[in-house]
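To be precise, the following lines are coords.csv, and they hold CSV, C-alpha atoms and all ligand atoms.
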```
chain,number,residue,atom,x,y,z
F,272,MET,CA,7.7,11.9,-43.1
F,273,LYS,CA,10.5,13.4,-40.9
F,274,SER,CA,10.0,13.8,-37.2
F,275,ASP,CA,11.0,17.3,-36.0
F,276,SER,CA,9.4,20.4,-34.6
F,277,LEU,CA,7.6,21.4,-37.8
F,278,PRO,CA,3.8,20.8,-38.0
F,279,ARG,CA,4.0,18.3,-40.8
F,280,GLN,CA,0.3,17.4,-40.8
F,281,LEU,CA,-0.6,21.0,-41.4
F,282,HIS,CA,1.9,21.2,-44.4
F,283,GLU,CA,0.2,18.0,-45.7
F,284,GLU,CA,-3.2,19.5,-45.4
F,285,ASN,CA,-1.9,22.5,-47.4
F,286,ARG,CA,-0.5,20.1,-50.0
F,287,ARG,CA,-4.0,18.7,-50.6
F,288,SER,CA,-5.6,22.1,-50.6
F,289,TRP,CA,-3.1,23.3,-53.2
F,290,ASN,CA,-3.6,20.3,-55.3
F,291,ALA,CA,-7.3,21.2,-55.7
F,292,ALA,CA,-6.7,24.9,-56.2
F,293,THR,CA,-4.0,24.4,-58.7
F,294,GLU,CA,-6.2,22.4,-61.0
F,295,ALA,CA,-8.8,25.2,-60.9
F,296,HIS,CA,-6.2,27.9,-61.5
F,297,ASN,CA,-4.7,26.2,-64.5
F,298,SER,CA,-8.2,25.5,-66.0
F,299,HIS,CA,-8.4,29.3,-66.8
F,300,LYS,CA,-5.1,29.5,-68.7
F,301,PRO,CA,-5.1,28.5,-72.4
F,302,ASP,CA,-2.1,27.1,-74.3
F,303,GLN,CA,0.5,27.9,-71.6
F,304,ALA,CA,3.2,25.9,-73.4
F,305,GLY,CA,2.6,27.8,-76.7
F,306,PHE,CA,2.6,31.1,-74.8
F,307,LEU,CA,5.9,30.4,-73.0
F,308,ARG,CA,7.5,29.0,-76.1
F,309,ASP,CA,6.6,31.6,-78.7
F,310,ARG,CA,4.9,34.7,-77.1
F,311,GLY,CA,6.1,35.7,-73.7
F,312,HIS,CA,6.7,35.0,-70.1
F,313,THR,CA,4.8,35.4,-66.8
F,314,LEU,CA,7.2,37.5,-64.7
F,315,PHE,CA,6.5,41.1,-63.6
F,316,PRO,CA,9.1,43.9,-64.2
F,317,GLU,CA,9.5,44.3,-60.4
F,318,GLU,CA,11.1,40.9,-59.9
F,319,ILE,CA,13.1,41.1,-63.1
F,320,GLU,CA,14.7,44.3,-61.8
F,321,LEU,CA,15.6,42.7,-58.5
F,322,LEU,CA,16.9,39.4,-60.1
F,323,GLY,CA,19.2,41.2,-62.5
F,324,ASP,CA,21.0,39.5,-65.4
F,325,LEU,CA,20.1,35.8,-65.2
F,326,ARG,CA,22.2,34.6,-68.1
F,327,GLY,CA,24.3,31.7,-66.9
F,328,LYS,CA,22.9,31.8,-63.4
F,329,LYS,CA,21.9,28.7,-61.4
F,330,ILE,CA,18.6,29.6,-59.8
F,331,LEU,CA,16.4,27.8,-57.3
F,332,HIS,CA,12.7,28.7,-57.4
F,333,LEU,CA,11.1,27.8,-54.1
F,334,GLN,CA,7.3,27.2,-54.0
F,335,CYS,CA,7.2,27.3,-57.8
F,336,ASN,CA,3.6,26.0,-58.2
F,337,SER,CA,3.0,25.0,-61.8
F,338,GLY,CA,6.4,26.3,-63.1
F,339,GLN,CA,5.2,29.2,-65.3
F,340,ASP,CA,7.5,31.7,-63.5
F,341,SER,CA,10.3,29.1,-63.3
F,342,LEU,CA,10.3,28.5,-67.0
F,343,SER,CA,10.1,32.2,-67.6
F,344,LEU,CA,13.3,32.5,-65.6
F,345,ALA,CA,14.9,29.9,-67.8
F,346,LYS,CA,13.8,31.9,-70.9
F,347,LEU,CA,15.8,34.8,-69.4
F,348,GLY,CA,18.9,32.6,-69.4
F,349,ALA,CA,19.0,30.8,-66.0
F,350,THR,CA,19.3,27.2,-65.2
F,351,VAL,CA,16.3,26.6,-63.1
F,352,ALA,CA,15.2,24.1,-60.4
F,353,GLY,CA,11.7,24.4,-59.0
F,354,VAL,CA,10.4,22.9,-55.8
F,355,ASP,CA,6.8,22.7,-54.6
F,356,ILE,CA,4.8,20.6,-52.2
F,357,SER,CA,1.8,20.2,-54.6
F,358,ASP,CA,1.7,17.0,-56.6
F,359,THR,CA,-0.6,18.6,-59.2
F,360,ALA,CA,1.6,21.7,-59.5
F,361,ILE,CA,4.8,19.7,-60.1
F,362,ALA,CA,3.2,17.3,-62.5
F,363,PHE,CA,1.9,20.3,-64.5
F,364,ALA,CA,5.3,22.0,-64.4
F,365,LYS,CA,7.1,18.9,-65.7
F,366,GLN,CA,4.6,18.6,-68.6
F,367,LEU,CA,4.8,22.4,-69.3
F,368,SER,CA,8.6,22.1,-69.6
F,369,LEU,CA,8.3,19.2,-72.0
F,370,ASP,CA,5.5,20.8,-74.1
F,371,SER,CA,7.2,24.2,-74.3
F,372,GLY,CA,10.7,22.8,-74.8
F,373,ILE,CA,12.0,25.1,-72.1
F,374,PRO,CA,14.3,23.2,-69.7
F,375,GLY,CA,13.6,23.1,-66.0
F,376,LYS,CA,14.1,20.6,-63.2
F,377,PHE,CA,11.0,20.2,-61.0
F,378,VAL,CA,10.8,18.4,-57.6
F,379,ARG,CA,7.8,17.7,-55.5
F,380,ALA,CA,8.8,18.1,-51.9
F,381,ASP,CA,8.1,20.0,-48.7
F,382,VAL,CA,10.4,23.0,-49.0
F,383,PHE,CA,12.0,22.3,-45.6
F,384,ASP,CA,12.8,18.7,-46.5
F,385,TRP,CA,14.2,19.7,-49.9
F,386,LEU,CA,16.4,22.4,-48.3
F,387,ASP,CA,17.7,19.9,-45.7
F,388,ASP,CA,18.6,17.4,-48.4
F,389,ALA,CA,20.3,20.2,-50.5
F,390,ILE,CA,22.4,21.2,-47.6
F,391,LEU,CA,23.5,17.5,-47.0
F,392,LYS,CA,24.3,17.2,-50.7
F,393,THR,CA,26.2,20.6,-50.6
F,394,ASP,CA,24.1,21.9,-53.5
F,395,GLN,CA,24.8,25.5,-54.2
F,396,TYR,CA,22.9,28.2,-56.1
F,397,ASP,CA,23.6,31.7,-57.4
F,398,ILE,CA,20.1,32.9,-56.6
F,399,VAL,CA,17.1,31.6,-54.6
F,400,PHE,CA,13.9,33.2,-55.7
F,401,SER,CA,10.4,33.1,-54.1
F,402,SER,CA,7.4,35.2,-54.8
F,403,TYR,CA,3.7,36.2,-54.5
F,404,GLY,CA,2.1,34.3,-51.7
F,405,ALA,CA,4.9,32.0,-50.7
F,406,ILE,CA,6.0,33.0,-47.1
F,407,CYS,CA,2.6,32.6,-45.6
F,408,TRP,CA,2.9,28.8,-46.1
F,409,LEU,CA,6.2,28.7,-44.2
F,410,SER,CA,5.7,27.4,-40.6
F,411,ASP,CA,9.2,28.6,-39.6
F,412,ILE,CA,10.6,31.5,-41.6
F,413,TYR,CA,13.8,31.6,-39.5
F,414,ARG,CA,14.6,28.0,-40.3
F,415,TRP,CA,13.8,28.7,-44.0
F,416,ALA,CA,16.2,31.7,-44.2
F,417,ASP,CA,18.9,29.8,-42.4
F,418,CYS,CA,18.7,26.9,-44.9
F,419,ILE,CA,18.7,29.3,-47.8
F,420,ALA,CA,21.9,31.0,-46.5
F,421,LYS,CA,23.6,27.6,-46.4
F,422,ILE,CA,22.8,26.8,-50.1
F,423,LEU,CA,23.8,30.1,-51.6
F,424,ILE,CA,27.3,30.6,-53.1
F,425,PRO,CA,29.3,33.5,-51.6
F,426,ASN,CA,27.8,36.7,-53.0
F,427,GLY,CA,24.7,34.7,-54.0
F,428,LYS,CA,21.4,36.3,-53.3
F,429,LEU,CA,17.9,35.6,-52.0
F,430,VAL,CA,15.3,37.5,-54.0
F,431,LEU,CA,11.8,37.8,-52.5
F,432,MET,CA,8.9,39.6,-54.1
F,433,GLU,CA,5.8,39.3,-51.8
F,434,PHE,CA,2.5,40.6,-50.8
F,435,HIS,CA,3.1,43.0,-47.9
F,436,PRO,CA,2.2,41.9,-44.3
F,437,TYR,CA,0.4,45.2,-44.0
F,438,MET,CA,-2.2,44.0,-46.4
F,439,MET,CA,-2.8,40.9,-44.1
F,440,LEU,CA,-4.3,43.2,-41.4
F,441,PHE,CA,-7.5,43.5,-43.4
F,442,GLU,CA,-10.6,41.5,-44.0
F,443,GLU,CA,-11.7,41.2,-47.6
F,444,ASP,CA,-13.9,44.3,-47.1
F,445,TRP,CA,-10.9,46.3,-45.8
F,446,SER,CA,-12.0,46.4,-42.2
F,447,LEU,CA,-9.0,46.1,-39.8
F,448,LYS,CA,-9.1,42.7,-38.2
F,449,TYR,CA,-5.7,40.9,-37.9
F,450,ASP,CA,-2.8,41.5,-35.6
F,451,TYR,CA,0.5,43.0,-37.0
F,452,PHE,CA,2.5,41.2,-34.4
F,453,PRO,CA,1.4,37.6,-34.9
F,454,ASP,CA,4.8,36.1,-34.0
F,455,GLY,CA,4.4,33.3,-36.6
F,456,LYS,CA,0.8,32.5,-35.5
F,457,CYS,CA,-0.9,29.8,-37.5
F,458,MET,CA,-4.3,30.6,-39.0
F,459,HIS,CA,-6.5,27.8,-39.9
F,460,TRP,CA,-9.0,28.3,-42.7
F,461,ASP,CA,-11.9,25.9,-43.2
F,462,ASP,CA,-12.3,27.2,-46.7
F,463,GLY,CA,-9.2,26.1,-48.6
F,464,ILE,CA,-7.3,28.0,-51.2
F,465,GLY,CA,-9.7,29.8,-53.4
F,466,ASP,CA,-9.8,30.5,-57.2
F,467,TYR,CA,-8.0,33.9,-57.1
F,468,VAL,CA,-7.0,33.3,-60.8
F,469,ALA,CA,-10.7,33.4,-61.9
F,470,LEU,CA,-11.1,36.6,-59.8
F,471,ALA,CA,-8.0,38.3,-61.3
F,472,GLY,CA,-9.0,37.7,-64.9
F,473,SER,CA,-6.3,38.6,-67.4
F,474,ALA,CA,-4.1,40.0,-64.7
F,475,LEU,CA,-2.9,36.5,-63.7
F,476,SER,CA,-3.3,35.0,-67.1
F,477,PRO,CA,-1.2,36.9,-69.7
F,478,MET,CA,-1.8,34.0,-72.2
F,479,GLY,CA,-5.5,34.8,-72.4
F,480,GLN,CA,-8.5,33.4,-70.5
F,481,LEU,CA,-10.7,30.4,-70.5
F,482,GLU,CA,-13.8,30.1,-68.4
F,483,GLY,CA,-12.5,26.8,-66.9
F,484,VAL,CA,-13.8,25.5,-63.6
F,485,LYS,CA,-16.8,27.5,-62.5
F,486,ASP,CA,-17.7,28.5,-58.9
F,487,PHE,CA,-14.8,26.6,-57.4
F,488,LYS,CA,-15.1,25.6,-53.8
F,489,ASN,CA,-12.1,24.1,-52.1
F,490,THR,CA,-13.3,21.6,-49.5
F,491,THR,CA,-9.8,21.0,-48.1
F,492,PRO,CA,-8.9,23.5,-45.4
F,493,CYS,CA,-5.5,25.2,-45.3
F,494,ASN,CA,-3.2,26.7,-42.7
F,495,GLU,CA,-1.2,29.9,-43.1
F,496,TRP,CA,1.5,31.5,-40.9
F,497,MET,CA,1.7,35.2,-40.3
F,498,TRP,CA,5.1,36.9,-40.6
F,499,ASN,CA,5.6,40.6,-40.4
F,500,ILE,CA,8.4,42.8,-41.8
F,501,GLN,CA,10.5,42.3,-38.7
F,502,ASP,CA,10.4,38.5,-39.2
F,503,ILE,CA,11.2,38.8,-42.9
F,504,LEU,CA,14.2,41.1,-42.3
F,505,GLN,CA,15.4,39.5,-39.1
F,506,SER,CA,15.3,35.9,-40.3
F,507,SER,CA,17.6,36.9,-43.2
F,508,ILE,CA,19.9,38.9,-40.9
F,509,GLN,CA,20.1,36.1,-38.3
F,510,ALA,CA,21.0,33.7,-41.1
F,511,GLY,CA,24.0,35.9,-41.9
F,512,LEU,CA,22.6,37.5,-45.1
F,513,ILE,CA,23.1,41.2,-45.8
F,514,ILE,CA,20.0,43.1,-46.8
F,515,ARG,CA,21.0,44.9,-50.0
F,516,LEU,CA,17.6,46.2,-51.1
F,517,PHE,CA,14.2,46.5,-49.5
F,518,LYS,CA,11.4,48.2,-51.5
F,519,GLU,CA,7.7,48.8,-50.8
F,520,TYR,CA,5.1,49.3,-53.5
F,521,PRO,CA,1.7,51.0,-53.2
F,522,TYR,CA,0.1,48.2,-55.4
F,523,SER,CA,0.1,44.5,-55.6
F,524,ASN,CA,0.8,42.7,-58.9
F,525,GLY,CA,-1.8,40.4,-60.4
F,526,ALA,CA,-4.1,39.2,-57.7
F,527,LYS,CA,-7.1,41.1,-56.6
F,528,LEU,CA,-6.9,40.0,-53.0
F,529,LEU,CA,-9.3,42.4,-51.4
F,530,ASP,CA,-12.7,43.9,-52.4
F,531,GLY,CA,-12.9,46.7,-55.0
F,532,MET,CA,-9.2,46.8,-55.9
F,533,ILE,CA,-8.6,48.9,-59.0
F,534,GLU,CA,-6.5,47.5,-61.8
F,535,LYS,CA,-4.1,50.0,-63.4
F,536,PRO,CA,-1.6,49.6,-66.3
F,537,GLY,CA,1.0,46.8,-65.7
F,538,ARG,CA,-1.6,44.5,-64.0
F,539,ARG,CA,-1.1,46.5,-60.8
F,540,MET,CA,-3.9,46.4,-58.2
F,541,TYR,CA,-4.5,49.4,-56.1
F,542,PRO,CA,-6.9,49.9,-53.1
F,543,PRO,CA,-10.3,51.5,-53.8
F,544,ALA,CA,-10.1,55.3,-54.2
F,545,TYR,CA,-11.6,56.1,-50.8
F,546,LEU,CA,-8.5,54.6,-49.1
F,547,PRO,CA,-5.0,56.3,-48.7
F,548,ALA,CA,-1.9,54.8,-50.3
F,549,MET,CA,-0.4,51.9,-48.4
F,550,PRO,CA,2.2,49.2,-48.9
F,551,LEU,CA,0.7,46.2,-50.6
F,552,MET,CA,3.8,44.5,-51.9
F,553,PHE,CA,7.5,44.4,-51.1
F,554,GLY,CA,10.7,43.3,-52.7
F,555,MET,CA,13.9,42.2,-50.9
F,556,VAL,CA,17.4,41.3,-52.0
F,557,ALA,CA,19.5,39.6,-49.3
F,558,GLN,CA,23.1,38.7,-50.1
F,559,LYS,CA,25.4,36.1,-48.7
F,560,PRO,CA,28.8,37.7,-47.8
F,561,GLU,CA,31.9,36.8,-49.7
I,601,LIG,C1,0.8,31.3,-54.2
I,601,LIG,S1,1.7,29.9,-54.7
I,601,LIG,C2,3.2,30.6,-55.3
I,601,LIG,C3,3.1,30.9,-56.7
I,601,LIG,C4,4.5,31.1,-57.4
I,601,LIG,N1,5.0,32.4,-57.1
I,601,LIG,C5,4.5,30.8,-58.9
I,601,LIG,O1,5.5,31.0,-59.5
I,601,LIG,O2,3.5,30.5,-59.4
I,601,LIG,C6,2.3,29.1,-53.2
I,601,LIG,C7,2.9,27.7,-53.4
I,601,LIG,O3,3.5,27.3,-52.2
I,601,LIG,C8,3.4,25.9,-52.2
I,601,LIG,N2,3.6,25.4,-50.8
I,601,LIG,C9,2.9,25.5,-49.7
I,601,LIG,N3,3.5,25.0,-48.7
I,601,LIG,C10,4.6,24.4,-49.1
I,601,LIG,C11,5.7,23.7,-48.5
I,601,LIG,N4,5.6,23.4,-47.2
I,601,LIG,N5,6.7,23.2,-49.2
I,601,LIG,C12,6.7,23.5,-50.6
I,601,LIG,N6,5.8,24.2,-51.2
I,601,LIG,C13,4.7,24.7,-50.5
I,601,LIG,C14,2.0,25.6,-52.7
I,601,LIG,O4,1.9,24.3,-53.2
I,601,LIG,C15,1.9,26.7,-53.8
I,601,LIG,O5,2.2,26.2,-55.1
```
Take the structure I supplied and represent it as C-alpha cells, if you would.
Amino acid sequence: MKSDSLPRQLHEENRRSWNAATEAHNSHKPDQAGFLRDRGHTLFPEEIELLGDLRGKKILHLQCNSGQDSLSLAKLGATVAGVDISDTAIAFAKQLSLDSGIPGKFVRADVFDWLDDAILKTDQYDIVFSSYGAICWLSDIYRWADCIAKILIPNGKLVLMEFHPYMMLFEEDWSLKYDYFPDGKCMHWDDGIGDYVALAGSALSPMGQLEGVKDFKNTTPCNEWMWNIQDILQSSIQAGLIIRLFKEYPYSNGAKLLDGMIEKPGRRMYPPAYLPAMPLMFGMVAQKPE
C-alpha cells in the first residue's frame, strides 16, 4: 500500500464492505451474460445522451463495480477499461466479459493508485465515465479530477452521472439532517453497504429478478465522503477542465434511496407526492481543452 495523505485503511474497509454487498446485489440478477449478449444493456438514456457517439472511442469506466455498465458501453462501440477496488466486483466483471463474449479489460485497484499508474504510463483516454454512487467513495475529489485531466486526450471529456448532493441532506424518512457544506467530511457507517438492488426490484435489474440473498446484513462498516456541487464543479475547473454541460434532474434513476419514492416510467424514482420537486440527480460533461 502506498504511503500518502489518503486514508487508505478507510478505502480498504470500503473494499471489504463492497465485496459483501456486490455478492448480494448480483444474487438478484439472472443470466446477466445472456441479457448483455442477446437482449439489451444496463445504461440509462441520460448517460447515453451525455456520452454521445461511442463508436471507436477509448473509454475508462471508473468504479465500474461488476462491469455491467462497462460492457454495455462496449456494446455501443467503445473500447472499455473498467477499474474498481472490489475483488468480488472485478472477478464478476471478468467472468461476465468471458461469458457474454463482450470485450472489456477489468482491473482491481484503488482508483487513486490506478490513476497514478496511468499517468506514469502516459495512458490516454477519449472519455472517462463514472456514475450512480461513485463520488461518495472518493476521499479526495480534487485529486481525482486532477488525475483524470492528466489522462484525457485534448478535447477528451469526463462524463459524470450522479445522485445529487441535495438528496444527501436527508435521512431515509426525508427529515433534514445533513450539512450541505461538509467540505469533504468523512461519514462512518457501522452498517455497511446495503442491498439497494433488492429494494429497487426491476429498476436496477433490467434482466429480470431472482429472490437471491434474503435479508442481507452487511457486517463490514463503510466510509463515505460528502462533496457538494461546488466541490464537483470546482474540482474539474481547478484541474483545467471546461464545464460543457451541467444538468439537474427531478428524479433519480434506478435506486429507491429514500422512503416512499415513486417509480415512474423509465425506472425514474421521484419523491413522495407530499414533497415539492427537487434535484435528485445531475449530469456533467467537463472537457479537456485542445
Ligand atoms: C455504487 S458502485 C458504482 C456502480 C457503477 N456505476 C456501475 O456501473 O455498476 C460504487 C463502486 O465504487 C467502488 N469503490 C469504492 N471505493 C473505491 C476506490 N477507492 N477505488 C476504486 N473503486 C472504489 C466500489 O467497489 C463500488 O463498486
Residues within 9 Å of ligand LIG 601 (chain I), counting all atoms listed in the file, as a short mmCIF file (atom, residue, chain, number, x, y, z; two decimals) with C-alpha atoms, in the coordinates of the input:
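Generated file (selection.cif):
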```cif
data_model
loop_
_atom_site.label_atom_id
_atom_site.label_comp_id
_atom_site.auth_asym_id
_atom_site.auth_seq_id
_atom_site.Cartn_x
_atom_site.Cartn_y
_atom_site.Cartn_z
CA ARG F 279 4.00 18.30 -40.80
CA LEU F 281 -0.60 21.00 -41.40
CA HIS F 282 1.90 21.20 -44.40
CA GLU F 283 0.20 18.00 -45.70
CA ASN F 285 -1.90 22.50 -47.40
CA ARG F 286 -0.50 20.10 -50.00
CA ARG F 287 -4.00 18.70 -50.60
CA SER F 288 -5.60 22.10 -50.60
CA TRP F 289 -3.10 23.30 -53.20
CA ASN F 290 -3.60 20.30 -55.30
CA THR F 293 -4.00 24.40 -58.70
CA THR F 313 4.80 35.40 -66.80
CA LEU F 314 7.20 37.50 -64.70
CA HIS F 332 12.70 28.70 -57.40
CA LEU F 333 11.10 27.80 -54.10
CA GLN F 334 7.30 27.20 -54.00
CA CYS F 335 7.20 27.30 -57.80
CA ASN F 336 3.60 26.00 -58.20
CA SER F 337 3.00 25.00 -61.80
CA GLY F 338 6.40 26.30 -63.10
CA GLN F 339 5.20 29.20 -65.30
CA ASP F 340 7.50 31.70 -63.50
CA SER F 341 10.30 29.10 -63.30
CA VAL F 354 10.40 22.90 -55.80
CA ASP F 355 6.80 22.70 -54.60
CA ILE F 356 4.80 20.60 -52.20
CA SER F 357 1.80 20.20 -54.60
CA ASP F 358 1.70 17.00 -56.60
CA THR F 359 -0.60 18.60 -59.20
CA ALA F 360 1.60 21.70 -59.50
CA ILE F 361 4.80 19.70 -60.10
CA ARG F 379 7.80 17.70 -55.50
CA ALA F 380 8.80 18.10 -51.90
CA ASP F 381 8.10 20.00 -48.70
CA VAL F 382 10.40 23.00 -49.00
CA PHE F 383 12.00 22.30 -45.60
CA ASP F 384 12.80 18.70 -46.50
CA TRP F 385 14.20 19.70 -49.90
CA SER F 401 10.40 33.10 -54.10
CA SER F 402 7.40 35.20 -54.80
CA TYR F 403 3.70 36.20 -54.50
CA GLY F 404 2.10 34.30 -51.70
CA ALA F 405 4.90 32.00 -50.70
CA ILE F 406 6.00 33.00 -47.10
CA CYS F 407 2.60 32.60 -45.60
CA TRP F 408 2.90 28.80 -46.10
CA LEU F 409 6.20 28.70 -44.20
CA SER F 410 5.70 27.40 -40.60
CA MET F 432 8.90 39.60 -54.10
CA GLU F 433 5.80 39.30 -51.80
CA GLU F 495 -1.20 29.90 -43.10
#
```
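Picture a line from atom CA of Gln280 of chain F to atom CA of Ala420 of chain F; it runs 26.2 Å.
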task = Name the closest residue to Asp370 of chain F among the candidates F:Gln501, F:Gln303, F:Ser276, F:Ser523; distances are taken between atoms, counting all atoms listed in the file.
result = F:Gln303
task = Mind checking which residues fall within 6 Å of segment 524-526 of chain F, counting all atoms listed in the file, ignoring those fewer than 4 positions away in the same chain, and posting them as a PyMOL selection string?
result = chain F and resi 471+474-475+538-539
Please write the residues from the selection above to a file, keeping C-alpha atoms, as a compact mmCIF listing (two decimals), keeping the file's coordinate frame.
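Result written to again.txt:
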```txt
# COMPACT_ATOMS: atom_id res chain seq x y z
CA ALA F 471 -8.00 38.30 -61.30
CA ALA F 474 -4.10 40.00 -64.70
CA LEU F 475 -2.90 36.50 -63.70
CA ARG F 538 -1.60 44.50 -64.00
CA ARG F 539 -1.10 46.50 -60.80
```
ask   = Please, what distance in Å, to one decimal, runs between atom CA of Asp411 of chain F and atom CA of Gln395 of chain F?
value = 21.6 Å
key: Length of the atom CA of Pro374 of chain F to atom CA of Asp309 of chain F vector [Å]   = 14.5 Å
task = Write out as a VMD selection string which residues come within 10 Å of Pro543 of chain F when counting all atoms listed in the file, dropping same-chain ones fewer than 3 positions away.
result = chain F and resid 445 529 to 534 540 546 to 548
query = So which residues touch Ile503 of chain F within 9 Å, counting all atoms listed in the file, skipping near sequence neighbours fewer than 3 positions away, as a PyMOL selection string?
reply = chain F and resi 406+412-413+416+498-500+506-508
Selection above as a file: C-alpha atoms, as a short mmCIF file (atom, residue, chain, number, x, y, z; two decimals), keeping the file's coordinate frame:
```cif
data_model
loop_
_atom_site.label_atom_id
_atom_site.label_comp_id
_atom_site.auth_asym_id
_atom_site.auth_seq_id
_atom_site.Cartn_x
_atom_site.Cartn_y
_atom_site.Cartn_z
CA ILE F 406 6.00 33.00 -47.10
CA ILE F 412 10.60 31.50 -41.60
CA TYR F 413 13.80 31.60 -39.50
CA ALA F 416 16.20 31.70 -44.20
CA TRP F 498 5.10 36.90 -40.60
CA ASN F 499 5.60 40.60 -40.40
CA ILE F 500 8.40 42.80 -41.80
CA SER F 506 15.30 35.90 -40.30
CA SER F 507 17.60 36.90 -43.20
CA ILE F 508 19.90 38.90 -40.90
#
```
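Residue nearest Tyr451 of chain F within the list F:Ala304, F:Ile330, F:Met497, F:Val468: F:Met497 [criterion: smallest interatomic distance, only C-alpha atoms].
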task = Check the smallest atom-to-atom distance from each of F:Pro560, F:Pro542, F:Gly463, F:Gly554 to Phe315 of chain F using only C-alpha atoms, then report the winner.
result = F:Gly554
request  = Determine, counting all atoms listed in the file, which protein, DNA and RNA residues have an atom within 9 Å of an atom of Ala295 of chain F; residues of the same chain fewer than 6 positions away are not included. Present the result as a ChimeraX atom specification.
outcome  = /F:465-466,468-469,483-485,487
Can I get the selection written as a PDB file, in the coordinates of the input, with C-alpha atoms?
```
ATOM      1  CA  GLY F 465      -9.700  29.800 -53.400  1.00  0.00           C
ATOM      2  CA  ASP F 466      -9.800  30.500 -57.200  1.00  0.00           C
ATOM      3  CA  VAL F 468      -7.000  33.300 -60.800  1.00  0.00           C
ATOM      4  CA  ALA F 469     -10.700  33.400 -61.900  1.00  0.00           C
ATOM      5  CA  GLY F 483     -12.500  26.800 -66.900  1.00  0.00           C
ATOM      6  CA  VAL F 484     -13.800  25.500 -63.600  1.00  0.00           C
ATOM      7  CA  LYS F 485     -16.800  27.500 -62.500  1.00  0.00           C
ATOM      8  CA  PHE F 487     -14.800  26.600 -57.400  1.00  0.00           C
TER       9      PHE F 487
END
```
inquiry  = List as a PyMOL selection string the residues having at least one atom at most 7 Å from position (-5.3, 30.9, -40.9) as given in the file, counting all atoms listed in the file.
reply    = chain F and resi 457-460+494-496
Got time to write the residues from that selection, C-alpha atoms, as an mmCIF file, keeping the file's coordinate frame?
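Done, and the output landed in selection_28.cif:
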```
data_model
loop_
_atom_site.group_PDB
_atom_site.id
_atom_site.type_symbol
_atom_site.label_atom_id
_atom_site.label_comp_id
_atom_site.auth_asym_id
_atom_site.auth_seq_id
_atom_site.Cartn_x
_atom_site.Cartn_y
_atom_site.Cartn_z
ATOM 1 C CA CYS F 457 -0.900 29.800 -37.500
ATOM 2 C CA MET F 458 -4.300 30.600 -39.000
ATOM 3 C CA HIS F 459 -6.500 27.800 -39.900
ATOM 4 C CA TRP F 460 -9.000 28.300 -42.700
ATOM 5 C CA ASN F 494 -3.200 26.700 -42.700
ATOM 6 C CA GLU F 495 -1.200 29.900 -43.100
ATOM 7 C CA TRP F 496 1.500 31.500 -40.900
#
```
ask   = Which is closer to Ala292 of chain F than all the others in F:Thr393, F:Ser446, F:Thr491, F:Ser473, using all atoms listed in the file?
value = F:Thr491
I'd like the neighbourhood of Arg326 of chain F as a PDB file with C-alpha atoms, in the frame of the given file, where a residue qualifies if any of its atoms comes within 7 Å (using all atoms listed in the file), though same-chain residues fewer than 2 positions away should be ignored.
```
ATOM      1  CA  ASP F 324      21.000  39.500 -65.400  1.00  0.00           C
ATOM      2  CA  LYS F 328      22.900  31.800 -63.400  1.00  0.00           C
ATOM      3  CA  LEU F 347      15.800  34.800 -69.400  1.00  0.00           C
ATOM      4  CA  GLY F 348      18.900  32.600 -69.400  1.00  0.00           C
ATOM      5  CA  ALA F 349      19.000  30.800 -66.000  1.00  0.00           C
TER       6      ALA F 349
END
```
Residue list as a PyMOL selection string for point (5.1, 28.1, -76.3), cut-off 10 Å, all atoms listed in the file = chain F and resi 302-312+367-368+370-373+478
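Of the listed residues F:Tyr545, F:Phe452, F:Tyr522, F:Trp415, the one whose atoms come nearest to Gln509 of chain F is F:Trp415, with distances taken using all atoms listed in the file.
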